[in-house]
file target.txt (compact mmCIF, N, CA and C atoms)
# COMPACT_ATOMS: atom_id res chain seq x y z
N VAL A 1 -8.98 -6.31 -6.03
CA VAL A 1 -8.02 -5.35 -5.52
C VAL A 1 -7.18 -4.86 -6.70
N VAL A 2 -7.12 -3.56 -6.84
CA VAL A 2 -6.30 -2.92 -7.86
C VAL A 2 -5.23 -2.13 -7.12
N ASP A 3 -3.98 -2.55 -7.24
CA ASP A 3 -2.89 -1.90 -6.53
C ASP A 3 -2.08 -1.04 -7.49
N ASP A 4 -1.58 0.05 -6.99
CA ASP A 4 -0.74 0.98 -7.75
C ASP A 4 -1.49 1.55 -8.95
N ALA A 5 -2.76 1.86 -8.75
CA ALA A 5 -3.57 2.46 -9.82
C ALA A 5 -3.02 3.83 -10.15
N ARG A 6 -2.94 4.13 -11.43
CA ARG A 6 -2.35 5.40 -11.86
C ARG A 6 -3.33 6.36 -12.49
N SER A 7 -4.45 5.86 -13.01
CA SER A 7 -5.39 6.76 -13.66
C SER A 7 -6.81 6.20 -13.59
N VAL A 8 -7.76 7.09 -13.73
CA VAL A 8 -9.17 6.69 -13.77
C VAL A 8 -9.40 5.78 -14.97
N GLU A 9 -8.79 6.11 -16.11
CA GLU A 9 -8.95 5.32 -17.32
C GLU A 9 -8.46 3.88 -17.13
N GLN A 10 -7.46 3.69 -16.33
CA GLN A 10 -6.92 2.36 -16.06
C GLN A 10 -7.89 1.54 -15.22
N VAL A 11 -8.59 2.18 -14.31
CA VAL A 11 -9.44 1.49 -13.34
C VAL A 11 -10.88 1.32 -13.81
N ARG A 12 -11.42 2.31 -14.50
CA ARG A 12 -12.83 2.31 -14.85
C ARG A 12 -13.32 1.01 -15.50
N PRO A 13 -12.60 0.40 -16.45
CA PRO A 13 -13.09 -0.85 -17.06
C PRO A 13 -13.24 -2.00 -16.07
N LEU A 14 -12.56 -1.92 -14.94
CA LEU A 14 -12.61 -2.98 -13.94
C LEU A 14 -13.82 -2.83 -13.01
N LEU A 15 -14.54 -1.74 -13.13
CA LEU A 15 -15.65 -1.46 -12.22
C LEU A 15 -17.00 -1.90 -12.77
N THR A 16 -17.02 -2.60 -13.87
CA THR A 16 -18.28 -2.99 -14.51
C THR A 16 -18.79 -4.35 -14.04
N ALA A 17 -18.31 -4.82 -12.91
CA ALA A 17 -18.74 -6.12 -12.39
C ALA A 17 -20.21 -6.08 -11.97
N GLY A 18 -20.76 -7.23 -11.68
CA GLY A 18 -22.18 -7.35 -11.35
C GLY A 18 -22.57 -6.74 -10.02
N PRO A 19 -23.86 -6.77 -9.74
CA PRO A 19 -24.37 -6.19 -8.49
C PRO A 19 -23.75 -6.86 -7.26
N GLY A 20 -23.48 -6.06 -6.27
CA GLY A 20 -22.95 -6.59 -5.02
C GLY A 20 -21.43 -6.75 -5.01
N SER A 21 -20.78 -6.54 -6.13
CA SER A 21 -19.33 -6.69 -6.16
C SER A 21 -18.67 -5.42 -5.62
N ARG A 22 -17.47 -5.56 -5.15
CA ARG A 22 -16.71 -4.43 -4.60
C ARG A 22 -15.31 -4.45 -5.22
N VAL A 23 -14.75 -3.28 -5.40
CA VAL A 23 -13.39 -3.14 -5.91
C VAL A 23 -12.64 -2.23 -4.96
N ARG A 24 -11.46 -2.66 -4.55
CA ARG A 24 -10.59 -1.82 -3.73
C ARG A 24 -9.46 -1.33 -4.62
N VAL A 25 -9.28 -0.03 -4.63
CA VAL A 25 -8.27 0.60 -5.48
C VAL A 25 -7.26 1.30 -4.59
N ALA A 26 -5.99 1.03 -4.82
CA ALA A 26 -4.93 1.68 -4.06
C ALA A 26 -3.97 2.34 -5.04
N GLY A 27 -3.50 3.52 -4.69
CA GLY A 27 -2.55 4.22 -5.53
C GLY A 27 -1.93 5.37 -4.77
N ARG A 28 -0.93 5.94 -5.35
CA ARG A 28 -0.24 7.05 -4.69
C ARG A 28 -0.97 8.37 -4.86
N GLN A 29 -1.83 8.46 -5.87
CA GLN A 29 -2.57 9.69 -6.12
C GLN A 29 -4.06 9.42 -5.98
N ARG A 30 -4.78 10.41 -5.50
CA ARG A 30 -6.24 10.30 -5.39
C ARG A 30 -6.84 10.32 -6.79
N LEU A 31 -7.69 9.36 -7.09
CA LEU A 31 -8.36 9.28 -8.37
C LEU A 31 -9.76 9.86 -8.20
N SER A 32 -9.86 11.17 -8.25
CA SER A 32 -11.11 11.85 -7.92
C SER A 32 -12.20 11.61 -8.94
N GLY A 33 -11.90 11.09 -10.12
CA GLY A 33 -12.92 10.84 -11.13
C GLY A 33 -13.69 9.56 -10.93
N LEU A 34 -13.42 8.83 -9.86
CA LEU A 34 -14.12 7.57 -9.59
C LEU A 34 -15.19 7.79 -8.53
N ASP A 35 -16.32 7.15 -8.71
CA ASP A 35 -17.38 7.18 -7.70
C ASP A 35 -16.97 6.18 -6.62
N ALA A 36 -16.90 6.64 -5.37
CA ALA A 36 -16.42 5.78 -4.30
C ALA A 36 -17.35 5.83 -3.10
N ASP A 37 -17.54 4.68 -2.44
CA ASP A 37 -18.30 4.64 -1.20
C ASP A 37 -17.47 5.19 -0.04
N LEU A 38 -16.16 4.99 -0.12
CA LEU A 38 -15.27 5.39 0.96
C LEU A 38 -13.91 5.71 0.38
N ARG A 39 -13.31 6.77 0.85
CA ARG A 39 -11.95 7.13 0.46
C ARG A 39 -11.11 7.26 1.73
N LEU A 40 -9.94 6.66 1.71
CA LEU A 40 -9.02 6.74 2.84
C LEU A 40 -7.69 7.29 2.35
N THR A 41 -7.12 8.16 3.13
CA THR A 41 -5.77 8.63 2.86
C THR A 41 -4.88 8.03 3.95
N VAL A 42 -3.87 7.31 3.54
CA VAL A 42 -2.98 6.64 4.48
C VAL A 42 -1.61 7.30 4.39
N ALA A 43 -1.15 7.82 5.49
CA ALA A 43 0.16 8.47 5.52
C ALA A 43 1.27 7.41 5.47
N PRO A 44 2.42 7.78 4.92
CA PRO A 44 3.55 6.85 4.93
C PRO A 44 3.95 6.50 6.36
N LEU A 45 4.52 5.33 6.52
CA LEU A 45 5.00 4.91 7.83
C LEU A 45 6.24 5.70 8.22
N GLY A 46 6.37 5.95 9.51
CA GLY A 46 7.61 6.53 10.02
C GLY A 46 8.70 5.46 10.01
N ALA A 47 9.93 5.86 10.23
CA ALA A 47 11.06 4.92 10.16
C ALA A 47 10.88 3.76 11.14
N GLY A 48 10.52 4.06 12.37
CA GLY A 48 10.35 3.01 13.38
C GLY A 48 9.21 2.07 13.03
N GLU A 49 8.11 2.64 12.56
CA GLU A 49 6.96 1.82 12.17
C GLU A 49 7.31 0.91 10.99
N ALA A 50 8.07 1.44 10.05
CA ALA A 50 8.46 0.65 8.88
C ALA A 50 9.35 -0.53 9.29
N VAL A 51 10.27 -0.30 10.19
CA VAL A 51 11.13 -1.39 10.67
C VAL A 51 10.30 -2.41 11.44
N THR A 52 9.35 -1.96 12.23
CA THR A 52 8.48 -2.88 12.96
C THR A 52 7.68 -3.75 12.00
N LEU A 53 7.11 -3.16 10.97
CA LEU A 53 6.36 -3.93 9.97
C LEU A 53 7.28 -4.92 9.26
N LEU A 54 8.44 -4.46 8.85
CA LEU A 54 9.38 -5.34 8.16
C LEU A 54 9.80 -6.49 9.06
N THR A 55 10.02 -6.22 10.33
CA THR A 55 10.39 -7.26 11.28
C THR A 55 9.26 -8.27 11.42
N HIS A 56 8.03 -7.79 11.45
CA HIS A 56 6.87 -8.68 11.52
C HIS A 56 6.80 -9.58 10.28
N LEU A 57 7.04 -8.99 9.11
CA LEU A 57 6.95 -9.76 7.87
C LEU A 57 8.10 -10.75 7.70
N LEU A 58 9.31 -10.34 8.09
CA LEU A 58 10.49 -11.20 7.93
C LEU A 58 10.64 -12.20 9.07
N GLY A 59 10.12 -11.83 10.22
CA GLY A 59 10.36 -12.61 11.43
C GLY A 59 11.48 -11.97 12.22
N GLU A 60 11.35 -12.03 13.53
CA GLU A 60 12.34 -11.37 14.39
C GLU A 60 13.73 -11.97 14.23
N ALA A 61 13.82 -13.28 14.04
CA ALA A 61 15.14 -13.92 13.92
C ALA A 61 15.89 -13.37 12.71
N ARG A 62 15.21 -13.31 11.58
CA ARG A 62 15.85 -12.84 10.34
C ARG A 62 16.20 -11.36 10.42
N ALA A 63 15.25 -10.53 10.82
CA ALA A 63 15.50 -9.09 10.91
C ALA A 63 16.54 -8.78 11.99
N GLY A 64 16.54 -9.58 13.06
CA GLY A 64 17.48 -9.37 14.15
C GLY A 64 18.92 -9.71 13.79
N ARG A 65 19.10 -10.61 12.82
CA ARG A 65 20.46 -10.96 12.40
C ARG A 65 21.13 -9.81 11.65
N GLU A 66 20.33 -9.01 10.98
CA GLU A 66 20.87 -7.90 10.20
C GLU A 66 20.03 -6.63 10.42
N PRO A 67 20.07 -6.09 11.64
CA PRO A 67 19.23 -4.92 11.92
C PRO A 67 19.54 -3.72 11.04
N GLY A 68 20.79 -3.54 10.69
CA GLY A 68 21.15 -2.42 9.81
C GLY A 68 20.54 -2.57 8.44
N ALA A 69 20.52 -3.80 7.93
CA ALA A 69 19.92 -4.06 6.62
C ALA A 69 18.42 -3.84 6.67
N ALA A 70 17.78 -4.24 7.76
CA ALA A 70 16.34 -4.03 7.91
C ALA A 70 16.02 -2.53 7.92
N GLN A 71 16.83 -1.76 8.63
CA GLN A 71 16.62 -0.31 8.67
C GLN A 71 16.85 0.32 7.30
N GLU A 72 17.87 -0.13 6.60
CA GLU A 72 18.17 0.40 5.26
C GLU A 72 17.04 0.08 4.28
N LEU A 73 16.54 -1.15 4.35
CA LEU A 73 15.44 -1.53 3.46
C LEU A 73 14.19 -0.70 3.76
N ALA A 74 13.88 -0.53 5.02
CA ALA A 74 12.73 0.29 5.41
C ALA A 74 12.90 1.72 4.90
N LEU A 75 14.10 2.26 5.02
CA LEU A 75 14.38 3.61 4.55
C LEU A 75 14.21 3.72 3.03
N ARG A 76 14.71 2.73 2.31
CA ARG A 76 14.62 2.75 0.84
C ARG A 76 13.18 2.61 0.34
N CYS A 77 12.33 2.02 1.16
CA CYS A 77 10.91 1.88 0.77
C CYS A 77 10.14 3.18 0.99
N GLY A 78 10.74 4.14 1.62
CA GLY A 78 10.14 5.46 1.77
C GLY A 78 8.82 5.50 2.52
N GLY A 79 8.65 4.63 3.49
CA GLY A 79 7.42 4.64 4.28
C GLY A 79 6.26 3.91 3.64
N LEU A 80 6.53 3.27 2.50
CA LEU A 80 5.47 2.54 1.82
C LEU A 80 5.51 1.11 2.26
call {"tool": "encode", "arguments": {"input": "target.txt", "output": "structure tokens"}}
result
Amino acid sequence: VVDDARSVEQVRPLLTAGPGSRVRVAGRQRLSGLDADLRLTVAPLGAGEAVTLLTHLLGEARAGREPGAAQELALRCGGL
């Protein structure tokens, strides 16, 4: 898994693995210079979805103690 990939040049050396291997590349920009079996575009989360995900990750008890902070954190993450 390559997260926050910024350029084809950054990723290409990681793709020389042996037969049958797979690499998942994630980034904010489409890296059109890479040969890919599948490309997915994922839209940013809406505010409610982001709070729901954050609540799932933190646990309802923790997020519920500070709902304003959970909403602020979700907002600052910009749907990511």
call {"tool": "residues_near_point", "arguments": {"input": "target.txt", "point": "(-8.5, 9.1, -15.3)", "cutoff": "9 Å", "atoms": "only C-alpha atoms", "output": "list in words"}}
result
Arg6, Ser7, Val8, Glu9, Gln10, Val11, Arg12, Leu31, Ser32, Gly33 and Leu34 of chain A
call {"tool": "select_by_dssp", "arguments": {"input": "target.txt", "residues": "chain A", "states": "helix (DSSP H, G or I)", "output": "ChimeraX atom specification"}}
result
/A:8-15,47-58,60-65,67-76
call {"tool": "atom_distance", "arguments": {"input": "target.txt", "atom1": "atom C of Val23 (chain A)", "atom2": "CA of Val1 (chain A)"}}
result
5.6 Å
call {"tool": "atom_distance", "arguments": {"input": "target.txt", "atom1": "atom N of Ala61 (chain A)", "atom2": "atom C of Pro44 (chain A)"}}
result
23.4 Å
call {"tool": "atom_distance", "arguments": {"input": "target.txt", "atom1": "atom N of Ala47 (chain A)", "atom2": "CA of Glu60 (chain A)"}}
result
17.9 Å
call {"tool": "closest_residue", "arguments": {"input": "target.txt", "among": "A:Gly79, A:Gly27, A:Gly68, A:Gly20", "to": "Val2 (chain A)", "atoms": "only C-alpha atoms"}}
result
A:Gly27
call {"tool": "closest_residue", "arguments": {"input": "target.txt", "among": "A:Leu14, A:Val51, A:Cys77, A:Ala26", "to": "Gly64 (chain A)", "atoms": "only C-alpha atoms"}}
result
A:Val51
call {"tool": "decode", "arguments": {"input": "target.txt", "residues": "region 12-53 of chain A", "atoms": "N, CA and C atoms", "output": "mmCIF file, in the first residue's frame"}}
result
data_model
loop_
_atom_site.group_PDB
_atom_site.id
_atom_site.type_symbol
_atom_site.label_atom_id
_atom_site.label_comp_id
_atom_site.auth_asym_id
_atom_site.auth_seq_id
_atom_site.Cartn_x
_atom_site.Cartn_y
_atom_site.Cartn_z
ATOM 1 N N ARG A 12 6.728 4.419 -9.275
ATOM 2 C CA ARG A 12 7.201 3.448 -10.255
ATOM 3 C C ARG A 12 8.247 2.463 -9.707
ATOM 4 N N PRO A 13 9.250 2.883 -8.928
ATOM 5 C CA PRO A 13 10.234 1.915 -8.410
ATOM 6 C C PRO A 13 9.629 0.845 -7.500
ATOM 7 N N LEU A 14 8.468 1.111 -6.946
ATOM 8 C CA LEU A 14 7.817 0.170 -6.042
ATOM 9 C C LEU A 14 7.014 -0.890 -6.793
ATOM 10 N N LEU A 15 6.884 -0.736 -8.096
ATOM 11 C CA LEU A 15 6.052 -1.634 -8.888
ATOM 12 C C LEU A 15 6.832 -2.775 -9.526
ATOM 13 N N THR A 16 8.090 -2.931 -9.182
ATOM 14 C CA THR A 16 8.929 -3.952 -9.815
ATOM 15 C C THR A 16 8.921 -5.282 -9.065
ATOM 16 N N ALA A 17 7.931 -5.496 -8.232
ATOM 17 C CA ALA A 17 7.845 -6.745 -7.461
ATOM 18 C C ALA A 17 7.586 -7.931 -8.390
ATOM 19 N N GLY A 18 7.690 -9.122 -7.847
ATOM 20 C CA GLY A 18 7.550 -10.349 -8.630
ATOM 21 C C GLY A 18 6.151 -10.608 -9.139
ATOM 22 N N PRO A 19 6.019 -11.678 -9.911
ATOM 23 C CA PRO A 19 4.719 -12.032 -10.486
ATOM 24 C C PRO A 19 3.674 -12.295 -9.398
ATOM 25 N N GLY A 20 2.468 -11.862 -9.668
ATOM 26 C CA GLY A 20 1.376 -12.104 -8.736
ATOM 27 C C GLY A 20 1.257 -11.067 -7.628
ATOM 28 N N SER A 21 2.205 -10.160 -7.533
ATOM 29 C CA SER A 21 2.126 -9.147 -6.476
ATOM 30 C C SER A 21 1.186 -8.020 -6.911
ATOM 31 N N ARG A 22 0.650 -7.327 -5.952
ATOM 32 C CA ARG A 22 -0.261 -6.215 -6.209
ATOM 33 C C ARG A 22 0.186 -5.017 -5.380
ATOM 34 N N VAL A 23 -0.022 -3.839 -5.916
ATOM 35 C CA VAL A 23 0.284 -2.600 -5.209
ATOM 36 C C VAL A 23 -0.961 -1.731 -5.249
ATOM 37 N N ARG A 24 -1.341 -1.206 -4.099
ATOM 38 C CA ARG A 24 -2.451 -0.256 -4.030
ATOM 39 C C ARG A 24 -1.853 1.121 -3.793
ATOM 40 N N VAL A 25 -2.231 2.050 -4.643
ATOM 41 C CA VAL A 25 -1.701 3.404 -4.583
ATOM 42 C C VAL A 25 -2.856 4.356 -4.315
ATOM 43 N N ALA A 26 -2.689 5.207 -3.319
ATOM 44 C CA ALA A 26 -3.706 6.208 -2.994
ATOM 45 C C ALA A 26 -3.047 7.580 -3.014
ATOM 46 N N GLY A 27 -3.771 8.554 -3.526
ATOM 47 C CA GLY A 27 -3.258 9.912 -3.559
ATOM 48 C C GLY A 27 -4.368 10.876 -3.891
ATOM 49 N N ARG A 28 -4.085 12.131 -3.750
ATOM 50 C CA ARG A 28 -5.098 13.151 -4.024
ATOM 51 C C ARG A 28 -5.236 13.441 -5.506
ATOM 52 N N GLN A 29 -4.209 13.115 -6.282
ATOM 53 C CA GLN A 29 -4.250 13.364 -7.719
ATOM 54 C C GLN A 29 -4.153 12.050 -8.470
ATOM 55 N N ARG A 30 -4.818 11.983 -9.603
ATOM 56 C CA ARG A 30 -4.742 10.790 -10.454
ATOM 57 C C ARG A 30 -3.355 10.713 -11.078
ATOM 58 N N LEU A 31 -2.716 9.568 -10.957
ATOM 59 C CA LEU A 31 -1.397 9.347 -11.533
ATOM 60 C C LEU A 31 -1.587 8.603 -12.852
ATOM 61 N N SER A 32 -1.904 9.333 -13.892
ATOM 62 C CA SER A 32 -2.281 8.725 -15.162
ATOM 63 C C SER A 32 -1.129 8.021 -15.856
ATOM 64 N N GLY A 33 0.105 8.239 -15.455
ATOM 65 C CA GLY A 33 1.243 7.588 -16.082
ATOM 66 C C GLY A 33 1.494 6.176 -15.607
ATOM 67 N N LEU A 34 0.658 5.663 -14.721
ATOM 68 C CA LEU A 34 0.827 4.302 -14.200
ATOM 69 C C LEU A 34 -0.142 3.355 -14.900
ATOM 70 N N ASP A 35 0.324 2.162 -15.189
ATOM 71 C CA ASP A 35 -0.534 1.125 -15.744
ATOM 72 C C ASP A 35 -1.329 0.544 -14.578
ATOM 73 N N ALA A 36 -2.648 0.547 -14.680
ATOM 74 C CA ALA A 36 -3.480 0.106 -13.562
ATOM 75 C C ALA A 36 -4.541 -0.871 -14.025
ATOM 76 N N ASP A 37 -4.824 -1.873 -13.194
ATOM 77 C CA ASP A 37 -5.918 -2.799 -13.467
ATOM 78 C C ASP A 37 -7.263 -2.144 -13.161
ATOM 79 N N LEU A 38 -7.265 -1.257 -12.176
ATOM 80 C CA LEU A 38 -8.501 -0.627 -11.727
ATOM 81 C C LEU A 38 -8.174 0.741 -11.161
ATOM 82 N N ARG A 39 -8.984 1.715 -11.491
ATOM 83 C CA ARG A 39 -8.848 3.057 -10.931
ATOM 84 C C ARG A 39 -10.180 3.438 -10.288
ATOM 85 N N LEU A 40 -10.113 3.954 -9.085
ATOM 86 C CA LEU A 40 -11.305 4.402 -8.375
ATOM 87 C C LEU A 40 -11.132 5.863 -7.984
ATOM 88 N N THR A 41 -12.179 6.617 -8.143
ATOM 89 C CA THR A 41 -12.192 7.989 -7.649
ATOM 90 C C THR A 41 -13.145 8.005 -6.462
ATOM 91 N N VAL A 42 -12.655 8.435 -5.332
ATOM 92 C CA VAL A 42 -13.450 8.458 -4.106
ATOM 93 C C VAL A 42 -13.684 9.910 -3.717
ATOM 94 N N ALA A 43 -14.927 10.285 -3.636
ATOM 95 C CA ALA A 43 -15.279 11.656 -3.263
ATOM 96 C C ALA A 43 -15.041 11.863 -1.765
ATOM 97 N N PRO A 44 -14.736 13.091 -1.371
ATOM 98 C CA PRO A 44 -14.594 13.381 0.059
ATOM 99 C C PRO A 44 -15.899 13.089 0.797
ATOM 100 N N LEU A 45 -15.776 12.774 2.062
ATOM 101 C CA LEU A 45 -16.958 12.537 2.889
ATOM 102 C C LEU A 45 -17.680 13.845 3.164
ATOM 103 N N GLY A 46 -18.994 13.766 3.262
ATOM 104 C CA GLY A 46 -19.770 14.909 3.720
ATOM 105 C C GLY A 46 -19.564 15.085 5.218
ATOM 106 N N ALA A 47 -20.006 16.197 5.761
ATOM 107 C CA ALA A 47 -19.787 16.492 7.183
ATOM 108 C C ALA A 47 -20.380 15.405 8.081
ATOM 109 N N GLY A 48 -21.603 14.994 7.808
ATOM 110 C CA GLY A 48 -22.243 13.964 8.630
ATOM 111 C C GLY A 48 -21.538 12.628 8.528
ATOM 112 N N GLU A 49 -21.138 12.269 7.320
ATOM 113 C CA GLU A 49 -20.415 11.010 7.118
ATOM 114 C C GLU A 49 -19.072 11.029 7.841
ATOM 115 N N ALA A 50 -18.396 12.172 7.802
ATOM 116 C CA ALA A 50 -17.096 12.287 8.464
ATOM 117 C C ALA A 50 -17.245 12.130 9.981
ATOM 118 N N VAL A 51 -18.264 12.728 10.552
ATOM 119 C CA VAL A 51 -18.496 12.593 11.997
ATOM 120 C C VAL A 51 -18.853 11.149 12.335
ATOM 121 N N THR A 52 -19.642 10.502 11.493
ATOM 122 C CA THR A 52 -19.991 9.095 11.725
ATOM 123 C C THR A 52 -18.749 8.221 11.705
ATOM 124 N N LEU A 53 -17.871 8.425 10.736
ATOM 125 C CA LEU A 53 -16.630 7.649 10.671
ATOM 126 C C LEU A 53 -15.762 7.923 11.889
#
